[in-house]
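> Below is one structure. I have some questions about it.
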Amino acid sequence: MQRRKPQQIARELALLSLSQLPVNPKKLDKLQDEQLVSKLVLGAVRTLTTEVQDTLNNAAAELQRSNDRLLTSQTRASDLNTARTMLQEAVTYTQTAINQLGTAVDFPELIQLANQDREVRNYAKEIVITVDENRAVIDKIISQALVDWQVTRLAQIDRDILQISVAEMEFMGVHTSIAINEAVELAKRYSGDEGHRFINGVLRRVTEQKKTA
């Protein structure tokens, strides 16, 4: 892991643990530092495990569909093109899973920094609590920036990235360009091949809507 700022590390930890934390994240305030880090890291491991498994399952499904199409094909060009598209989707899913697994190499250092740096722990906790307390407003802002899409239909990791970025811009005083850049970097690490472009596009529309509001 290259040298990163405490807030960047905290942001990643918050992202990976966000969907796995207790129903009431405010309880994190009452935890001792060691307990807090343990909760965040456990949530992060569960999230990454789930994301990798889901991505590999998608890859396997696309491979099976491609294989089935080829077996039943009458060698028509349309059948071959469809099978080729399915195969490409499987490759994309597999590459995403490999990228996600690659981030696991950084976990030992991430855990060490979370244990040693109070700023990392506090900022990760602040993000999680801010998202939870303002989720309805945050999701409304995201929904307004989505084109023919719904927040509930987003991949979990993409939704969490967007929620964190909007929370930082709207409630935590982070400059929009910084929040967007950091969200894009997270998407490059944890989302699909087109994920970071999608995230960037949605957040750009969020800032445009703020200007016209």
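Labels for the structure tokens follow display order: chains A, B, ..., residues from 1 in each chain, ligands from 1.
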Using only C-alpha atoms, which residues sit within 9 Å of Asn200 in chain A once same-chain residues fewer than 5 positions away are excluded, as number ranges by chain?

A: 180-181, 183-184, 195, 205

> Selected residues, C-alpha atoms, written as a PDB file, in the first residue's frame, please.


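Written output follows (out31.pdb):
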```pdb
ATOM      1  CA  ILE A 180     -15.408  12.957  -6.074  1.00  0.00           C
ATOM      2  CA  ASN A 181     -11.750  12.094  -6.715  1.00  0.00           C
ATOM      3  CA  ALA A 183     -14.860   8.155  -4.607  1.00  0.00           C
ATOM      4  CA  VAL A 184     -13.496   7.443  -8.079  1.00  0.00           C
ATOM      5  CA  GLY A 195     -17.742   1.444 -12.038  1.00  0.00           C
ATOM      6  CA  ARG A 205     -24.527  15.490 -11.710  1.00  0.00           C
TER       7      ARG A 205
END
```

> Excluding Ala90 in chain A and residues on its chain fewer than 4 positions from it, collect all residues at most 6 Å away from it, counting only C-alpha atoms, and give them as a count of residues only.

3

> Calculated over only C-alpha atoms, which of the candidates A:Val131, A:Val202, A:Leu87, A:Leu56 has the smallest distance to Gln150 in chain A?

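Among the listed residues, A:Val202 lies closest to Gln150 in chain A.
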
> For CA of Glu182 in chain A and CA of Gln8 in chain A, determine how far apart the two atoms are, in Å to one decimal place.

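CA of Gln8 in chain A lies at a distance of 7.5 Å from CA of Glu182 in chain A.
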
> Excluding Ala179 in chain A and its own-chain neighbours fewer than 3 positions away, which residues fall within 7 Å of it when counting only C-alpha atoms? Please give them as a PDB file with C-alpha atoms, in the first residue's frame.


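Dumped to out-v1.pdb:
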```pdb
ATOM      1  CA  SER A 165     -19.056  10.817  -1.105  1.00  0.00           C
ATOM      2  CA  GLU A 168     -18.694  14.122   2.856  1.00  0.00           C
ATOM      3  CA  MET A 169     -19.813  16.847   0.452  1.00  0.00           C
ATOM      4  CA  VAL A 174     -15.216  18.036   2.262  1.00  0.00           C
ATOM      5  CA  HIS A 175     -14.634  19.951  -0.974  1.00  0.00           C
ATOM      6  CA  THR A 176     -16.592  18.465  -3.878  1.00  0.00           C
ATOM      7  CA  GLU A 182     -11.616   9.896  -3.624  1.00  0.00           C
ATOM      8  CA  ALA A 183     -14.860   8.155  -4.607  1.00  0.00           C
TER       9      ALA A 183
END
```

> Please indicate the distance in Å from CA of His196 in chain A to CA of Ala155 in chain A, rounded to one decimal place.

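Distance between the two atoms: 12.6 Å.
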
> Any idea what the distance is between CA of Thr94 in chain A and CA of Ala61 in chain A?

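About the pair CA of Thr94 in chain A and CA of Ala61 in chain A: they are 11.3 Å apart.
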
> Do a neighbour search on Gln163 in chain A at 12 Å with only C-alpha atoms, toss out local chain neighbours closer than 6 positions, and write the hits as an MDAnalysis selection string.

chainID A and resid 11 14:15 18:19 127:143 151 154 156:157 169:171 179:180 183 199 202:203 206

> So, with only C-alpha atoms as the atoms that count, which of A:Leu186, A:Leu13, A:Ala60, A:Leu146 lies closest to Thr92 in chain A?

A:Ala60
